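This is protein-v3.txt. It holds compact mmCIF, C-alpha atoms.
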# COMPACT_ATOMS: atom_id res chain seq x y z
CA MET A 21 -6.98 -0.51 25.10
CA ASN A 22 -6.75 0.79 21.55
CA GLU A 23 -5.59 4.40 22.00
CA GLY A 24 -7.20 5.47 18.72
CA PHE A 25 -10.57 5.28 20.52
CA ASP A 26 -9.35 7.04 23.70
CA PRO A 27 -11.09 10.46 24.07
CA VAL A 28 -7.94 12.01 25.61
CA VAL A 29 -5.75 10.84 22.71
CA ILE A 30 -8.42 11.98 20.23
CA ALA A 31 -8.54 15.45 21.84
CA GLU A 32 -4.72 15.71 21.64
CA PHE A 33 -4.82 14.64 18.01
CA GLN A 34 -7.57 17.18 17.24
CA SER A 35 -5.39 19.87 18.82
CA LYS A 36 -2.45 18.86 16.59
CA LEU A 37 -4.70 18.97 13.51
CA ASP A 38 -6.01 22.41 14.51
CA SER A 39 -2.49 23.81 15.08
CA ALA A 40 -1.33 22.45 11.72
CA GLY A 41 -4.50 23.64 9.99
CA LYS A 42 -4.89 20.23 8.32
CA LYS A 43 -7.39 17.38 8.05
CA PHE A 44 -4.68 14.72 8.41
CA LEU A 45 -1.18 14.20 9.76
CA PRO A 46 1.45 11.95 8.19
CA VAL A 47 2.59 9.00 10.30
CA ASP A 48 6.11 8.56 8.94
CA GLU A 49 7.24 11.19 6.45
CA HIS A 50 10.35 9.20 5.47
CA ASN A 51 8.40 6.21 4.12
CA ASN A 52 5.82 8.25 2.22
CA SER A 53 6.17 8.81 -1.51
CA GLU A 54 4.17 10.00 -4.52
CA GLU A 55 2.48 6.58 -4.66
CA PHE A 56 2.25 5.60 -0.97
CA PHE A 57 1.15 7.68 1.98
CA HIS A 58 0.55 6.70 5.62
CA PHE A 59 -1.54 9.20 7.58
CA ARG A 60 -4.08 9.62 10.36
CA PHE A 61 -7.34 11.54 10.46
CA LEU A 62 -10.44 11.85 12.63
CA GLY A 63 -13.81 10.33 11.91
CA HIS A 64 -16.56 8.18 13.34
CA TYR A 65 -16.75 4.39 13.47
CA GLN A 66 -19.89 2.67 14.75
CA SER A 67 -21.07 6.01 16.18
CA LYS A 68 -17.83 6.53 18.13
CA ARG A 69 -15.20 9.16 17.45
CA VAL A 70 -11.98 7.51 16.30
CA ILE A 71 -8.59 8.18 14.79
CA TYR A 72 -8.24 6.40 11.46
CA ASP A 73 -4.81 5.03 10.62
CA ALA A 74 -4.77 4.97 6.82
CA VAL A 75 -2.42 3.84 4.08
CA LEU A 76 -3.27 5.18 0.65
CA THR A 77 -1.58 3.77 -2.47
CA THR A 78 -1.93 4.29 -6.19
CA LEU A 79 -3.30 1.40 -8.21
CA ARG A 80 -0.12 1.44 -10.27
CA LEU A 81 1.91 0.64 -7.15
CA GLU A 82 -0.62 -2.00 -6.08
CA HIS A 83 -0.40 -3.58 -9.54
CA GLU A 84 3.40 -3.62 -9.40
CA SER A 85 3.32 -5.22 -5.96
CA GLU A 86 0.87 -7.95 -7.01
CA LEU A 87 2.78 -8.58 -10.23
CA TYR A 88 6.05 -8.99 -8.34
CA GLU A 89 4.42 -11.23 -5.72
CA LEU A 90 2.99 -13.53 -8.42
CA ALA A 91 6.33 -13.63 -10.25
CA GLU A 92 8.08 -14.54 -6.97
CA SER A 93 5.63 -17.36 -6.38
CA ILE A 94 6.11 -18.77 -9.90
CA THR A 95 9.89 -18.44 -9.56
CA ALA A 96 9.89 -20.21 -6.18
CA GLU A 97 8.17 -23.20 -7.82
CA ARG A 98 10.85 -23.40 -10.51
CA PHE A 99 13.77 -22.88 -8.09
CA PRO A 100 12.97 -24.78 -4.88
CA LYS A 101 16.45 -24.07 -3.45
CA TRP A 102 15.95 -20.32 -3.84
CA ASN A 103 15.38 -18.49 -0.57
CA ARG A 104 13.55 -15.17 -1.03
CA GLU A 105 14.94 -13.73 2.19
CA GLU A 106 18.53 -14.50 1.22
CA SER A 107 18.10 -12.92 -2.21
CA SER A 108 18.33 -9.46 -0.68
CA THR A 109 21.62 -10.17 1.07
CA GLU A 110 25.04 -10.56 -0.47
CA SER A 111 25.71 -14.10 -1.72
CA ASN A 112 28.41 -15.97 0.14
CA THR A 113 29.39 -18.52 -2.48
CA PRO A 114 29.78 -18.52 -6.26
CA GLU A 115 26.97 -21.12 -6.43
CA GLN A 116 24.61 -18.81 -4.53
CA ALA A 117 25.59 -15.89 -6.77
CA ALA A 118 24.94 -17.98 -9.90
CA LEU A 119 21.56 -19.07 -8.54
CA GLN A 120 20.62 -15.48 -7.72
CA GLU A 121 21.52 -14.38 -11.24
CA GLU A 122 19.50 -17.21 -12.80
CA VAL A 123 16.56 -16.44 -10.53
CA GLY A 124 16.75 -12.74 -11.39
CA LEU A 125 16.69 -13.45 -15.13
CA HIS A 126 13.82 -15.89 -14.72
CA MET A 127 11.81 -13.40 -12.66
CA ALA A 128 12.33 -10.72 -15.31
CA GLU A 129 11.03 -13.11 -17.98
CA VAL A 130 8.05 -14.11 -15.83
CA ILE A 131 7.16 -10.47 -15.16
CA LEU A 132 7.32 -9.63 -18.88
CA GLY A 133 5.14 -12.63 -19.69
CA LEU A 134 2.61 -11.76 -17.02
CA GLN A 135 2.47 -8.18 -18.30
CA GLU A 136 1.95 -9.31 -21.90
CA GLU A 137 -0.86 -11.65 -20.80
CA GLY A 138 -2.43 -8.95 -18.64
CA ALA A 139 -2.48 -11.59 -15.90
CA VAL A 140 -2.64 -9.07 -13.07
CA LYS A 141 -5.46 -6.56 -12.87
CA VAL A 142 -6.36 -4.34 -9.93
CA LYS A 143 -9.28 -2.15 -8.99
CA GLU A 144 -9.89 0.50 -6.36
CA TYR A 145 -10.37 -0.92 -2.89
CA LEU A 146 -10.91 -0.02 0.75
CA ASP A 147 -10.11 -2.51 3.50
CA ILE A 148 -11.14 -1.70 7.06
CA ASP A 149 -9.52 -3.39 10.06
CA GLU A 150 -11.10 -2.49 13.37
CA ASP A 151 -8.59 -4.69 15.21
CA GLY A 152 -5.59 -2.56 14.26
CA ASP A 153 -2.97 -1.46 16.77
CA PHE A 154 -4.13 2.15 16.72
CA GLY A 155 -7.65 3.31 15.94
CA VAL A 156 -9.28 1.80 12.88
CA SER A 157 -6.88 0.82 10.10
CA LEU A 158 -7.67 1.58 6.48
CA ASP A 159 -5.85 0.20 3.47
CA VAL A 160 -6.93 2.08 0.35
CA GLY A 161 -5.97 1.88 -3.31
CA LEU A 162 -7.10 4.61 -5.70
CA GLN A 163 -6.66 5.14 -9.42
CA VAL A 164 -4.66 8.37 -9.20
CA LYS A 165 -1.29 9.26 -10.70
CA GLN A 166 0.13 10.34 -7.35
CA ILE A 167 -0.86 10.80 -3.75
CA THR A 168 -1.06 14.51 -2.98
CA ALA A 169 -2.52 16.48 -0.08
CA SER A 170 -5.59 17.28 -2.21
CA VAL A 171 -6.10 13.58 -3.06
CA ILE A 172 -5.90 12.71 0.65
CA GLU A 173 -8.26 15.52 1.65
CA LYS A 174 -10.78 14.52 -1.05
CA PHE A 175 -10.62 10.91 0.16
CA ILE A 176 -11.18 11.99 3.79
CA ASP A 177 -14.12 14.22 2.82
CA GLN A 178 -15.78 11.46 0.79
CA PHE A 179 -15.04 8.73 3.34
CA THR A 180 -16.25 10.64 6.40
CA THR A 181 -19.49 11.68 4.66
CA ASP A 182 -20.19 8.17 3.26
CA LYS A 183 -19.87 9.52 -0.30
CA LEU A 184 -16.83 7.48 -1.34
CA VAL A 185 -17.56 5.53 -4.52
CA LEU A 186 -14.86 3.11 -5.64
CA ASP A 187 -14.21 2.45 -9.32
CA ASP A 188 -14.81 -1.25 -10.21
CA THR A 189 -12.81 -0.95 -13.44
CA LEU A 190 -9.94 -3.45 -13.63
CA TYR A 191 -6.61 -1.79 -14.44
CA SER A 192 -3.32 -3.18 -15.68
CA PHE A 193 -0.06 -1.23 -15.90
CA GLN A 194 3.31 -1.64 -17.58
CA LEU A 195 6.37 -1.53 -15.37
CA ALA A 196 8.64 1.39 -16.16
CA GLU A 197 11.95 0.30 -17.59
CA GLU A 198 14.92 1.17 -15.42
CA ASP A 199 17.78 3.06 -16.98
Could I get this structure in the form of structure tokens?
Amino acid sequence: MNEGFDPVVIAEFQSKLDSAGKKFLPVDEHNNSEEFFHFRFLGHYQSKRVIYDAVLTTLRLEHESELYELAESITAERFPKWNREESSTESNTPEQAALQEEVGLHMAEVILGLQEEGAVKVKEYLDIDEDGDFGVSLDVGLQVKQITASVIEKFIDQFTTDKLVLDDTLYSFQLAEED
């Protein structure tokens, strides 16, 4: 049984919310950032009380993720011997190191080209997965500079009262240059 629908678990969660004086509780503080936040809150789904398991991201982060994913796909076509999983580990041979360097340069060029073309555009979204491991899962992307407690609370208020209106505007962002 999905514990996010269990009345006993919901009552315990409500008690935790009440003691903290909050509308939501973070799931894993260490993985949360200004642009990504995983949290849980109470609401109703199909007339049943439920704990929502939500991930909220900024559109800038979503754009960066989609841009990188597309660049990886294009790079994989050009370098069939390149293994994405091995690229994050230390290379064992000089040939592997040379390939990784060539792949890295190519990916940087592809990303710049995709940015110049405006090839990747994102808009606000809300994906609901009722078959999640815990409660009802939400994956949400909003056009905000950062994810703050007030942004999360506003989202919860609008979502739970059916007043959430998503922006259909397509956005594109420039990657920040690393120092």
Rounded to one decimal in Å, what is the spacing between atom CA of A:Glu144 and atom CA of A:Leu186? 5.7 Å
Which of A:Val123, A:Val171, A:Leu190, A:Leu195 sits closest to A:Val142 [using all atoms listed in the file]: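 Nearest candidate to A:Val142 out of A:Val123, A:Val171, A:Leu190, A:Leu195: A:Leu190.
With only C-alpha atoms as the atoms that count, the residue of A:Asp147, A:Glu84, A:Asp153, A:Glu121 with the shortest distance to A:Gln135 is A:Glu84.
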Residue nearest A:Met21 - candidates A:Ser93, A:Tyr191, A:Asp151, A:Leu125, atoms counted: all atoms listed in the file: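 Of A:Ser93, A:Tyr191, A:Asp151, A:Leu125, the one nearest A:Met21, counting all atoms listed in the file, is A:Asp151.
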Atom pair atom CA of A:Gly138 / atom CA of A:Ser192: separation (Å):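 That distance, rounded to one decimal, is 6.5 Å.
Close contacts of A:Ala169, defined as residues with an atom at most 10 Å away when counting all atoms listed in the file, with chain neighbours fewer than 4 positions off set aside, comprise Lys42, Lys43, Phe44, Phe57, Glu173, Lys174 and Phe175 of chain A.
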When you look at A:Gly155 with a cut-off of 6 Å (counting all atoms listed in the file), what residues show up, excluding the ones that are within fewer than 6 positions of it in the same chain? I need them as an MDAnalysis selection string. chainID A and resid 24:25 71:72
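Minimum distance to A:Asp26 across A:Leu76, A:Val70, A:Ala117, A:Val47 (counting all atoms listed in the file) occurs at A:Val70.
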Best match for closeness to A:Glu97 among A:Lys36, A:Leu81, A:His126, A:Val156, counting all atoms listed in the file: A:His126
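Residues lying within 10 Å of A:Leu134, counting all atoms listed in the file and ignoring same-chain neighbours fewer than 5 positions away, are A:Leu87, A:Tyr88, A:Leu90, A:Ala91, A:Ala128, A:Glu129, A:Ala139, A:Val140.
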So the first atom is atom CA of A:Leu158 and the second is atom CA of A:Glu89; what is the distance between them in Å, to one decimal place? 21.4 Å
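Restricting the calculation to all atoms listed in the file, the smallest distance between A:Val185 and any of A:Glu23, A:Thr113, A:Ile131, A:Leu146 is found for A:Leu146.
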Centre, x/y/z edge lengths, axis-aligned box for stretch 36-44 of chain A with 4 Å per side, as lines of an AutoDock Vina configuration file:
center_x = -4.4
center_y = 19.3
center_z = 12.3
size_x = 14.1
size_y = 17.1
size_z = 16.5
Within 9 Å of A:Lys165, counting all atoms listed in the file, which residues show up once you throw out same-chain ones fewer than 5 positions away? Write them as a PyMOL selection string, please. chain A and resi 54-55+78-80
Since we have the selection now, will you write its residues out, keeping C-alpha atoms, as a PDB file, in the coordinates of the input?
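Here's the written file selection_11.pdb:
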ATOM      1  CA  GLU A  54       4.170  10.000  -4.520  1.00  0.00           C
ATOM      2  CA  GLU A  55       2.480   6.580  -4.660  1.00  0.00           C
ATOM      3  CA  THR A  78      -1.930   4.290  -6.190  1.00  0.00           C
ATOM      4  CA  LEU A  79      -3.300   1.400  -8.210  1.00  0.00           C
ATOM      5  CA  ARG A  80      -0.120   1.440 -10.270  1.00  0.00           C
TER       6      ARG A  80
END
